[in-house]
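**Q** Supplied structure: structure-v4.cif, mmCIF, C-alpha atoms and all ligand atoms.
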```cif
data_model
loop_
_atom_site.label_atom_id
_atom_site.label_comp_id
_atom_site.auth_asym_id
_atom_site.auth_seq_id
_atom_site.Cartn_x
_atom_site.Cartn_y
_atom_site.Cartn_z
CA MET A 1 3.27 -3.03 33.38
CA GLY A 2 3.05 0.69 33.98
CA SER A 3 0.14 2.86 35.00
CA TYR A 4 -1.85 4.90 32.53
CA GLU A 5 -4.48 7.62 32.56
CA ASN A 6 -6.47 6.55 29.49
CA LEU A 7 -5.68 2.82 29.38
CA LEU A 8 -5.96 -0.21 31.61
CA LEU A 9 -3.43 -3.00 31.14
CA GLU A 10 -4.25 -6.17 33.07
CA SER A 11 -3.24 -9.83 33.05
CA PRO A 12 -6.20 -11.74 34.48
CA ASP A 13 -4.81 -15.06 33.16
CA PRO A 14 -1.16 -16.08 32.93
CA GLY A 15 0.19 -14.83 29.60
CA ILE A 16 -3.09 -13.20 28.56
CA HIS A 17 -2.98 -9.41 28.61
CA VAL A 18 -6.05 -7.22 28.30
CA LEU A 19 -5.52 -3.67 27.08
CA THR A 20 -8.62 -1.51 27.62
CA LEU A 21 -9.04 1.93 26.05
CA ASN A 22 -10.44 3.80 29.03
CA ARG A 23 -11.85 7.25 28.15
CA PRO A 24 -15.53 6.34 28.19
CA ARG A 25 -16.72 9.96 28.53
CA ALA A 26 -15.37 10.53 24.99
CA LEU A 27 -16.34 7.03 23.78
CA ASN A 28 -12.64 6.13 24.09
CA ALA A 29 -11.68 8.52 21.27
CA LEU A 30 -7.97 8.55 20.51
CA ASN A 31 -6.26 11.78 21.53
CA ARG A 32 -2.53 12.39 21.50
CA ALA A 33 -2.12 11.41 25.15
CA THR A 34 -3.90 8.07 24.56
CA ILE A 35 -1.77 7.32 21.50
CA ALA A 36 1.41 7.98 23.54
CA GLU A 37 0.17 5.64 26.29
CA LEU A 38 -0.79 3.01 23.74
CA HIS A 39 2.75 3.16 22.37
CA ALA A 40 4.25 2.63 25.85
CA ALA A 41 1.84 -0.23 26.62
CA VAL A 42 2.60 -2.01 23.36
CA GLN A 43 6.34 -1.71 24.03
CA ALA A 44 5.83 -3.21 27.50
CA ILE A 45 3.88 -6.14 26.05
CA ALA A 46 6.49 -6.68 23.33
CA ALA A 47 9.16 -6.92 26.02
CA ASP A 48 7.25 -9.53 28.06
CA ALA A 49 8.60 -12.97 27.17
CA GLU A 50 5.70 -14.63 29.01
CA ALA A 51 3.01 -12.88 26.92
CA ARG A 52 0.93 -15.28 24.81
CA VAL A 53 -2.14 -13.33 23.65
CA LEU A 54 -3.27 -9.70 23.82
CA LEU A 55 -6.93 -8.71 23.90
CA VAL A 56 -7.70 -5.08 23.02
CA THR A 57 -11.05 -3.65 24.08
CA GLY A 58 -12.87 -0.47 25.11
CA ALA A 59 -14.35 0.55 28.47
CA GLY A 60 -17.89 1.68 29.15
CA GLY A 61 -20.03 -0.70 27.08
CA ARG A 62 -20.85 1.90 24.38
CA ALA A 63 -17.70 1.99 22.31
CA PHE A 64 -14.53 0.17 21.41
CA VAL A 65 -13.14 3.48 20.10
CA ALA A 66 -15.27 6.18 18.38
CA GLY A 67 -12.32 7.37 16.31
CA ALA A 68 -9.61 9.94 16.56
CA ASP A 69 -10.50 12.73 18.98
CA ILE A 70 -12.34 15.21 16.74
CA LYS A 71 -12.30 17.97 19.37
CA GLU A 72 -8.51 17.80 19.62
CA MET A 73 -7.98 17.25 15.89
CA GLN A 74 -10.20 20.11 14.76
CA GLY A 75 -7.51 22.75 15.24
CA TYR A 76 -4.58 20.84 13.73
CA THR A 77 -2.44 22.42 11.06
CA ALA A 78 -1.59 20.19 8.08
CA ILE A 79 1.84 19.54 9.57
CA GLU A 80 0.36 18.60 12.97
CA ALA A 81 -2.20 16.33 11.29
CA GLN A 82 0.56 14.57 9.36
CA ALA A 83 2.62 14.09 12.51
CA PHE A 84 -0.42 12.73 14.37
CA ALA A 85 -1.21 10.32 11.53
CA ARG A 86 2.42 9.13 11.35
CA ARG A 87 2.66 8.57 15.11
CA THR A 88 -0.65 6.72 15.22
CA MET A 89 0.22 4.62 12.18
CA ALA A 90 3.50 3.63 13.86
CA VAL A 91 1.60 2.52 16.98
CA LEU A 92 -0.92 0.52 14.92
CA ARG A 93 1.94 -1.09 13.00
CA ALA A 94 3.61 -1.95 16.34
CA ILE A 95 0.36 -3.66 17.40
CA GLU A 96 0.11 -5.48 14.07
CA THR A 97 3.68 -6.75 14.32
CA LEU A 98 3.63 -7.69 18.01
CA PRO A 99 4.97 -11.24 18.09
CA VAL A 100 1.93 -12.48 20.02
CA PRO A 101 -1.58 -12.74 18.55
CA VAL A 102 -3.72 -9.65 19.15
CA ILE A 103 -7.52 -9.93 19.20
CA ALA A 104 -9.80 -6.87 19.05
CA VAL A 105 -12.87 -7.33 21.24
CA VAL A 106 -15.44 -4.84 19.98
CA ASP A 107 -18.57 -3.97 21.96
CA GLY A 108 -20.19 -0.81 20.58
CA TYR A 109 -18.73 1.73 18.14
CA ALA A 110 -15.50 1.07 16.23
CA LEU A 111 -15.46 4.09 13.96
CA GLY A 112 -12.70 5.81 12.02
CA GLY A 113 -9.47 5.37 13.97
CA GLY A 114 -11.35 2.83 16.13
CA ASN A 115 -11.99 0.59 13.16
CA GLU A 116 -8.40 1.16 12.05
CA LEU A 117 -7.15 0.12 15.49
CA ALA A 118 -9.35 -3.00 15.39
CA MET A 119 -8.08 -3.87 11.91
CA SER A 120 -4.46 -3.61 13.05
CA CYS A 121 -5.22 -6.50 15.42
CA ASP A 122 -4.96 -10.04 14.01
CA PHE A 123 -8.70 -10.48 14.01
CA ILE A 124 -11.87 -9.04 15.48
CA LEU A 125 -14.57 -10.49 17.74
CA ALA A 126 -17.72 -8.39 18.00
CA SER A 127 -20.83 -8.15 20.12
CA GLU A 128 -24.24 -7.99 18.46
CA ARG A 129 -24.33 -4.26 19.25
CA ALA A 130 -20.96 -3.50 17.61
CA VAL A 131 -20.98 -0.87 14.86
CA PHE A 132 -18.11 -0.39 12.42
CA GLY A 133 -17.36 2.32 9.89
CA GLN A 134 -14.95 4.82 8.38
CA PRO A 135 -16.99 8.07 8.64
CA GLU A 136 -14.06 10.42 7.97
CA VAL A 137 -15.62 11.65 4.70
CA SER A 138 -18.51 13.05 6.75
CA LEU A 139 -15.90 15.26 8.49
CA GLY A 140 -14.36 16.30 5.19
CA VAL A 141 -11.21 14.17 5.52
CA THR A 142 -9.96 10.71 4.56
CA ALA A 143 -9.12 7.80 6.83
CA GLY A 144 -5.66 8.61 8.13
CA PHE A 145 -4.44 5.61 10.11
CA GLY A 146 -4.17 2.97 7.37
CA GLY A 147 -7.92 2.49 6.88
CA THR A 148 -7.86 2.80 3.10
CA GLN A 149 -5.28 0.00 2.99
CA ARG A 150 -6.26 -2.44 5.76
CA LEU A 151 -9.98 -2.30 5.00
CA THR A 152 -9.28 -2.99 1.31
CA ARG A 153 -7.14 -6.00 2.21
CA LEU A 154 -9.79 -7.35 4.56
CA VAL A 155 -13.01 -6.90 2.58
CA GLY A 156 -11.84 -6.25 -1.01
CA ARG A 157 -11.56 -3.07 -3.07
CA ALA A 158 -15.20 -2.54 -4.07
CA ARG A 159 -16.63 -3.05 -0.59
CA ALA A 160 -13.87 -0.94 1.01
CA LEU A 161 -14.51 1.90 -1.42
CA GLU A 162 -18.22 1.82 -0.70
CA LEU A 163 -17.65 2.04 3.05
CA LEU A 164 -14.90 4.68 2.75
CA MET A 165 -16.94 6.83 0.35
CA THR A 166 -20.28 6.70 2.18
CA GLY A 167 -18.94 6.61 5.73
CA ARG A 168 -21.98 4.54 6.62
CA HIS A 169 -22.29 2.53 9.83
CA VAL A 170 -21.98 -1.25 9.46
CA GLU A 171 -23.70 -3.39 12.06
CA ALA A 172 -22.12 -6.54 13.44
CA ALA A 173 -24.11 -8.99 11.30
CA GLU A 174 -23.05 -7.24 8.10
CA ALA A 175 -19.46 -6.95 9.34
CA LEU A 176 -19.49 -10.73 9.70
CA THR A 177 -20.66 -11.28 6.12
CA LEU A 178 -18.05 -8.79 4.87
CA GLY A 179 -15.26 -10.75 6.59
CA LEU A 180 -14.37 -7.75 8.75
CA VAL A 181 -15.04 -9.72 11.96
CA ASN A 182 -14.48 -13.41 12.74
CA HIS A 183 -17.38 -13.98 15.16
CA VAL A 184 -20.36 -12.12 16.63
CA TYR A 185 -21.69 -12.92 20.13
CA PRO A 186 -24.38 -11.55 22.44
CA ALA A 187 -22.77 -8.73 24.45
CA GLN A 188 -22.67 -10.70 27.71
CA ASP A 189 -20.86 -13.60 26.00
CA LEU A 190 -18.26 -11.50 24.18
CA MET A 191 -15.52 -11.35 26.84
CA PRO A 192 -15.95 -14.98 27.99
CA GLU A 193 -15.72 -16.09 24.34
CA ALA A 194 -12.66 -13.88 23.79
CA PHE A 195 -10.96 -15.44 26.82
CA ALA A 196 -11.87 -18.96 25.67
CA LEU A 197 -10.29 -18.23 22.30
CA ALA A 198 -7.24 -16.60 23.89
CA ARG A 199 -6.74 -19.61 26.17
CA SER A 200 -7.05 -22.05 23.28
CA ILE A 201 -4.32 -20.14 21.40
CA ALA A 202 -2.18 -19.80 24.56
CA ALA A 203 -2.28 -23.60 24.95
CA GLN A 204 -0.54 -24.17 21.58
CA GLY A 205 3.19 -24.13 20.97
CA PRO A 206 4.06 -20.45 21.56
CA VAL A 207 6.95 -20.34 19.10
CA ALA A 208 4.77 -21.96 16.43
CA VAL A 209 1.98 -19.44 17.03
CA ARG A 210 4.45 -16.57 16.61
CA LEU A 211 5.84 -18.12 13.42
CA VAL A 212 2.33 -18.58 11.97
CA LYS A 213 1.67 -14.87 12.51
CA GLU A 214 4.93 -13.92 10.84
CA ALA A 215 4.40 -16.27 7.88
CA VAL A 216 0.87 -15.01 7.23
CA GLN A 217 1.76 -11.34 7.60
CA ARG A 218 4.97 -11.39 5.55
CA GLY A 219 3.53 -13.80 3.00
CA GLN A 220 0.55 -11.57 2.34
CA ASP A 221 2.78 -8.92 0.77
CA LEU A 222 4.81 -11.37 -1.36
CA ASP A 223 4.04 -13.26 -4.57
CA LEU A 224 2.83 -16.83 -3.93
CA ASP A 225 6.11 -18.52 -4.83
CA SER A 226 8.20 -16.25 -2.56
CA ALA A 227 5.61 -16.57 0.20
CA CYS A 228 5.71 -20.39 0.03
CA GLN A 229 9.52 -20.28 0.07
CA PHE A 230 9.29 -18.14 3.21
CA GLU A 231 6.84 -20.63 4.72
CA ALA A 232 9.30 -23.47 4.04
CA GLN A 233 12.02 -21.52 5.91
CA VAL A 234 9.65 -20.91 8.82
CA PHE A 235 8.60 -24.58 8.83
CA GLY A 236 12.26 -25.63 8.95
CA LEU A 237 12.96 -23.21 11.78
CA GLY A 238 10.23 -24.89 13.81
CA PHE A 239 12.33 -28.08 13.84
CA SER A 240 15.11 -26.30 15.73
CA THR A 241 12.84 -25.68 18.74
CA ALA A 242 12.33 -27.51 22.01
CA ASP A 243 8.59 -27.02 21.45
CA GLN A 244 8.70 -29.17 18.27
CA LYS A 245 10.44 -31.98 20.15
CA GLU A 246 8.01 -31.76 23.05
CA GLY A 247 4.92 -31.39 20.85
CA MET A 248 5.67 -34.42 18.70
CA GLN A 249 6.89 -36.56 21.63
CA ALA A 250 3.72 -35.70 23.57
CA PHE A 251 1.61 -36.85 20.61
CA ILE A 252 3.48 -40.16 20.48
CA ASP A 253 3.23 -40.56 24.28
CA LYS A 254 -0.52 -39.74 24.13
CA ARG A 255 -0.20 -36.91 26.68
CA ALA A 256 -0.68 -33.14 26.70
CA ALA A 257 2.39 -31.19 25.58
CA GLN A 258 4.24 -28.99 28.06
CA PHE A 259 5.62 -26.30 25.80
CA LEU A 260 8.74 -24.39 26.85
CA ASN A 261 8.45 -21.39 24.52
CA ARG A 262 11.85 -22.03 22.98
N1 LIG B 1 -13.89 12.51 19.22
C1 LIG B 1 -14.16 13.24 20.32
N2 LIG B 1 -15.24 13.08 21.07
C2 LIG B 1 -16.13 12.14 20.68
C3 LIG B 1 -15.92 11.33 19.53
C4 LIG B 1 -14.73 11.55 18.79
N3 LIG B 1 -14.40 10.80 17.72
N4 LIG B 1 -16.97 10.50 19.41
C5 LIG B 1 -17.80 10.77 20.44
N5 LIG B 1 -17.29 11.74 21.20
C6 LIG B 1 -17.87 12.32 22.40
C7 LIG B 1 -19.06 13.23 22.05
O1 LIG B 1 -18.62 14.49 21.64
C8 LIG B 1 -19.80 13.25 23.35
O2 LIG B 1 -19.14 14.14 24.24
P1 LIG B 1 -19.95 15.29 25.03
O3 LIG B 1 -20.65 16.07 23.97
O4 LIG B 1 -20.90 14.51 25.91
O5 LIG B 1 -18.88 16.04 25.77
C9 LIG B 1 -19.58 11.83 23.90
O6 LIG B 1 -18.43 11.33 23.23
C10 LIG B 1 -20.74 10.90 23.59
O7 LIG B 1 -21.01 10.97 22.22
P2 LIG B 1 -22.47 11.28 21.61
O8 LIG B 1 -23.26 12.14 22.55
O9 LIG B 1 -22.28 11.77 20.22
O10 LIG B 1 -23.09 9.83 21.62
P3 LIG B 1 -24.18 9.20 20.60
O11 LIG B 1 -24.55 7.88 21.17
O12 LIG B 1 -25.26 10.23 20.31
O13 LIG B 1 -23.37 8.98 19.22
C11 LIG B 1 -21.52 8.24 17.88
C12 LIG B 1 -22.34 8.08 19.19
C13 LIG B 1 -20.30 7.36 17.96
C14 LIG B 1 -22.41 7.78 16.68
C15 LIG B 1 -21.17 9.74 17.69
O14 LIG B 1 -20.52 10.20 18.89
C16 LIG B 1 -20.21 9.96 16.57
O15 LIG B 1 -20.59 9.96 15.39
N6 LIG B 1 -18.93 10.21 16.89
C17 LIG B 1 -17.92 10.53 15.91
C18 LIG B 1 -17.53 9.29 15.16
C19 LIG B 1 -16.54 9.61 14.08
O16 LIG B 1 -16.80 10.40 13.18
N7 LIG B 1 -15.38 8.98 14.19
C20 LIG B 1 -14.30 9.19 13.24
C21 LIG B 1 -13.43 10.29 13.74
S1 LIG B 1 -12.21 10.74 12.54
C22 LIG B 1 -5.96 11.93 9.64
C23 LIG B 1 -7.11 11.91 8.91
C24 LIG B 1 -8.23 11.48 9.47
C25 LIG B 1 -8.25 11.03 10.76
C26 LIG B 1 -7.11 11.03 11.46
C27 LIG B 1 -5.96 11.46 10.93
N8 LIG B 1 -4.78 12.46 9.05
C28 LIG B 1 -4.68 12.54 7.63
C29 LIG B 1 -3.81 13.04 9.91
C30 LIG B 1 -9.52 10.69 11.29
C31 LIG B 1 -9.69 9.75 12.07
C32 LIG B 1 -10.97 9.56 12.74
O17 LIG B 1 -11.08 8.63 13.42
#
```
What would you get if you wrote out this structure as structure tokens?

**A**
Amino acid sequence: MGSYENLLLESPDPGIHVLTLNRPRALNALNRATIAELHAAVQAIAADAEARVLLVTGAGGRAFVAGADIKEMQGYTAIEAQAFARRTMAVLRAIETLPVPVIAVVDGYALGGGNELAMSCDFILASERAVFGQPEVSLGVTAGFGGTQRLTRLVGRARALELLMTGRHVEAAEALTLGLVNHVYPAQDLMPEAFALARSIAAQGPVAVRLVKEAVQRGQDLDLDSACQFEAQVFGLGFSTADQKEGMQAFIDKRAAQFLNR
């Protein structure tokens, strides 16, 4: 699925893709070249009908992503900074709206744009040595890749404001209590646990998994009544699929379902 300078894109299991940010000398900081590669990789995954789950992680054992590349960003004009923020936001939105579930696997620092990248995934698994934060204020700027919005939705306004205004580092255990991450594991267990979770999702009806993602994401921005109406439409759509027929017949036959992804 393409070759990249700052990324690795692998499929160690059928349907399970692993996208690794791979600039460990800069703690996987996001420069323009990496953002462009990320865009291409996400497009390749979106076009793969066999994809079931995407894991996003960072190379080197010290960082998921330590933020936007400060050395590159330092000299930006306002117009260049805006363009960089828009491009990166578009890539994060493309990750968020990928039809397949996307799991951030965070071992080490997820700071600034790194935390924003993790939050654009469907949920986050962390190692005990993971550290989260939005330290942009310490650089004299604000979060620029959706952090003020996604963090607020995940942890609530007051907690988001505290983190965004102090820029402080949040360790994995606190991130768990804040609801920023779903699970915390010892570092050596993180990837095996991520794969176990990915496989358990990949074993479900693929169309249904995609529809769940769409219902939750679209519903979140609607009032409850409209969101439930949307859910009813999605539920109805499920009954037009071969996977619904197979899934329910397999239950009645007391056997494992063989889903067809249609
Ligand atoms: N950018 C570039 N290089 C980085 C980096 C980063 N974000 N983070 C680390 N590095 C580099 C270091 O410079 C160092 O390189 P050398 O000096 O060896 O060449 C190498 O990675 C190892 O880092 P350290 O030596 O600092 O390692 P430590 O273990 O001592 O510290 C650390 C690790 C993660 C605590 C520390 O490196 C750190 O604080 N890094 C910066 C974290 C940070 O502030 N991240 C947020 C970046 S700002 C926008 C507005 C805002 C933004 C974007 C757009 N618009 C409105 C357009 C901002 C987004 C951000 O993400």

**Q** Nearest to Val141 of chain A among A:Asn31, A:Asn6, A:Gln74, A:Asn261, with distances taken over only C-alpha atoms: which residue is it?

**A**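 Under the stated criterion, the closest residue is A:Gln74.
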
**Q** Taking only C-alpha atoms and all ligand atoms into account, list the residues no farther than 9 Å from ligand LIG 1 (chain B), as a PDB file with C-alpha atoms, in the frame of the given file.

**A**
```pdb
ATOM      1  CA  PRO A  24     -15.530   6.340  28.190  1.00  0.00           C
ATOM      2  CA  ARG A  25     -16.720   9.960  28.530  1.00  0.00           C
ATOM      3  CA  ALA A  26     -15.370  10.530  24.990  1.00  0.00           C
ATOM      4  CA  LEU A  27     -16.340   7.030  23.780  1.00  0.00           C
ATOM      5  CA  ASN A  28     -12.640   6.130  24.090  1.00  0.00           C
ATOM      6  CA  ALA A  29     -11.680   8.520  21.270  1.00  0.00           C
ATOM      7  CA  LEU A  30      -7.970   8.550  20.510  1.00  0.00           C
ATOM      8  CA  ASN A  31      -6.260  11.780  21.530  1.00  0.00           C
ATOM      9  CA  ARG A  62     -20.850   1.900  24.380  1.00  0.00           C
ATOM     10  CA  ALA A  63     -17.700   1.990  22.310  1.00  0.00           C
ATOM     11  CA  VAL A  65     -13.140   3.480  20.100  1.00  0.00           C
ATOM     12  CA  ALA A  66     -15.270   6.180  18.380  1.00  0.00           C
ATOM     13  CA  GLY A  67     -12.320   7.370  16.310  1.00  0.00           C
ATOM     14  CA  ALA A  68      -9.610   9.940  16.560  1.00  0.00           C
ATOM     15  CA  ASP A  69     -10.500  12.730  18.980  1.00  0.00           C
ATOM     16  CA  ILE A  70     -12.340  15.210  16.740  1.00  0.00           C
ATOM     17  CA  LYS A  71     -12.300  17.970  19.370  1.00  0.00           C
ATOM     18  CA  GLU A  72      -8.510  17.800  19.620  1.00  0.00           C
ATOM     19  CA  MET A  73      -7.980  17.250  15.890  1.00  0.00           C
ATOM     20  CA  TYR A  76      -4.580  20.840  13.730  1.00  0.00           C
ATOM     21  CA  ALA A  78      -1.590  20.190   8.080  1.00  0.00           C
ATOM     22  CA  ILE A  79       1.840  19.540   9.570  1.00  0.00           C
ATOM     23  CA  GLU A  80       0.360  18.600  12.970  1.00  0.00           C
ATOM     24  CA  ALA A  81      -2.200  16.330  11.290  1.00  0.00           C
ATOM     25  CA  GLN A  82       0.560  14.570   9.360  1.00  0.00           C
ATOM     26  CA  ALA A  83       2.620  14.090  12.510  1.00  0.00           C
ATOM     27  CA  PHE A  84      -0.420  12.730  14.370  1.00  0.00           C
ATOM     28  CA  ALA A  85      -1.210  10.320  11.530  1.00  0.00           C
ATOM     29  CA  ARG A  86       2.420   9.130  11.350  1.00  0.00           C
ATOM     30  CA  THR A  88      -0.650   6.720  15.220  1.00  0.00           C
ATOM     31  CA  GLY A 108     -20.190  -0.810  20.580  1.00  0.00           C
ATOM     32  CA  TYR A 109     -18.730   1.730  18.140  1.00  0.00           C
ATOM     33  CA  ALA A 110     -15.500   1.070  16.230  1.00  0.00           C
ATOM     34  CA  LEU A 111     -15.460   4.090  13.960  1.00  0.00           C
ATOM     35  CA  GLY A 112     -12.700   5.810  12.020  1.00  0.00           C
ATOM     36  CA  GLY A 113      -9.470   5.370  13.970  1.00  0.00           C
ATOM     37  CA  GLY A 114     -11.350   2.830  16.130  1.00  0.00           C
ATOM     38  CA  ASN A 115     -11.990   0.590  13.160  1.00  0.00           C
ATOM     39  CA  GLU A 116      -8.400   1.160  12.050  1.00  0.00           C
ATOM     40  CA  VAL A 131     -20.980  -0.870  14.860  1.00  0.00           C
ATOM     41  CA  GLY A 133     -17.360   2.320   9.890  1.00  0.00           C
ATOM     42  CA  GLN A 134     -14.950   4.820   8.380  1.00  0.00           C
ATOM     43  CA  PRO A 135     -16.990   8.070   8.640  1.00  0.00           C
ATOM     44  CA  GLU A 136     -14.060  10.420   7.970  1.00  0.00           C
ATOM     45  CA  VAL A 137     -15.620  11.650   4.700  1.00  0.00           C
ATOM     46  CA  SER A 138     -18.510  13.050   6.750  1.00  0.00           C
ATOM     47  CA  LEU A 139     -15.900  15.260   8.490  1.00  0.00           C
ATOM     48  CA  GLY A 140     -14.360  16.300   5.190  1.00  0.00           C
ATOM     49  CA  VAL A 141     -11.210  14.170   5.520  1.00  0.00           C
ATOM     50  CA  THR A 142      -9.960  10.710   4.560  1.00  0.00           C
ATOM     51  CA  ALA A 143      -9.120   7.800   6.830  1.00  0.00           C
ATOM     52  CA  GLY A 144      -5.660   8.610   8.130  1.00  0.00           C
ATOM     53  CA  PHE A 145      -4.440   5.610  10.110  1.00  0.00           C
ATOM     54  CA  GLY A 167     -18.940   6.610   5.730  1.00  0.00           C
ATOM     55  CA  HIS A 169     -22.290   2.530   9.830  1.00  0.00           C
TER      56      HIS A 169
END
```

**Q** Let me make sure I understand: among A:Pro206, A:Gly146, A:Gly58, A:Pro101, which one has the smallest atom-to-atom distance to Ala257 of chain A if we use all atoms listed in the file?

**A**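 Nearest to Ala257 of chain A: A:Pro206.
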
**Q** Pick the closest to Lys213 of chain A from A:Phe64, A:Phe259, A:Phe123, A:Phe195: which is it, counting all atoms listed in the file?

**A**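 Under the stated criterion, the closest residue is A:Phe123.
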
**Q** Ranking A:Asp48, A:Asp223, A:Asp107, A:Asp13 by minimum distance to Gln188 of chain A and counting all atoms listed in the file, which one comes first?

**A**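 Of all the options, A:Asp107 lies closest to Gln188 of chain A.
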
**Q** In terms of the shortest atom-to-atom distance over all atoms listed in the file, which of A:Ala104, A:Leu9, A:Val56, A:Ala172 is closest to Ala41 of chain A?

**A**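 Smallest separation from Ala41 of chain A among the options: A:Leu9.
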
**Q** What does the distance from atom CA of Met119 of chain A to atom CA of Asp225 of chain A come to in Å, to one decimal?

**A** 26.4 Å

**Q** Given all atoms listed in the file as the basis, pick out the residue of A:Leu21, A:Ala33, A:Val234, A:Ile45 nearest to Leu117 of chain A.

**A** A:Leu21

**Q** So how far away is atom CA of Pro192 of chain A from atom CA of Ala175 of chain A, in Å?

**A**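 Computing the Euclidean distance for atom CA of Ala175 of chain A and atom CA of Pro192 of chain A yields 20.6 Å.
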
**Q** Name all residues at most 9 Å from Ile201 of chain A (count all atoms listed in the file; drop same-chain ones fewer than 6 positions away) and give them as an MDAnalysis selection string.

**A** chainID A and resid 52:53 101 209

**Q** Output, as lines of an AutoDock Vina configuration file, the centre and edge lengths in Å (one decimal) of the axis-aligned box that contains all listed atoms of segment 26-40 of chain A with 6 Å of margin on each side.

**A**
```
center_x = -6.0
center_y = 7.5
center_z = 23.4
size_x = 32.6
size_y = 21.8
size_z = 17.8
```

**Q** Take atom CA of Ile124 of chain A and atom CA of Gly156 of chain A and report the distance between them in Å, one decimal.

**A**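 Distance reported for this atom pair: 16.7 Å.
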
**Q** Near Pro99 of chain A, within 8 Å and counting all atoms listed in the file, which residues show up once chain neighbours fewer than 5 positions away are dropped, as an NGL selection string?

**A** :A and (46 or 210 or 213-214)
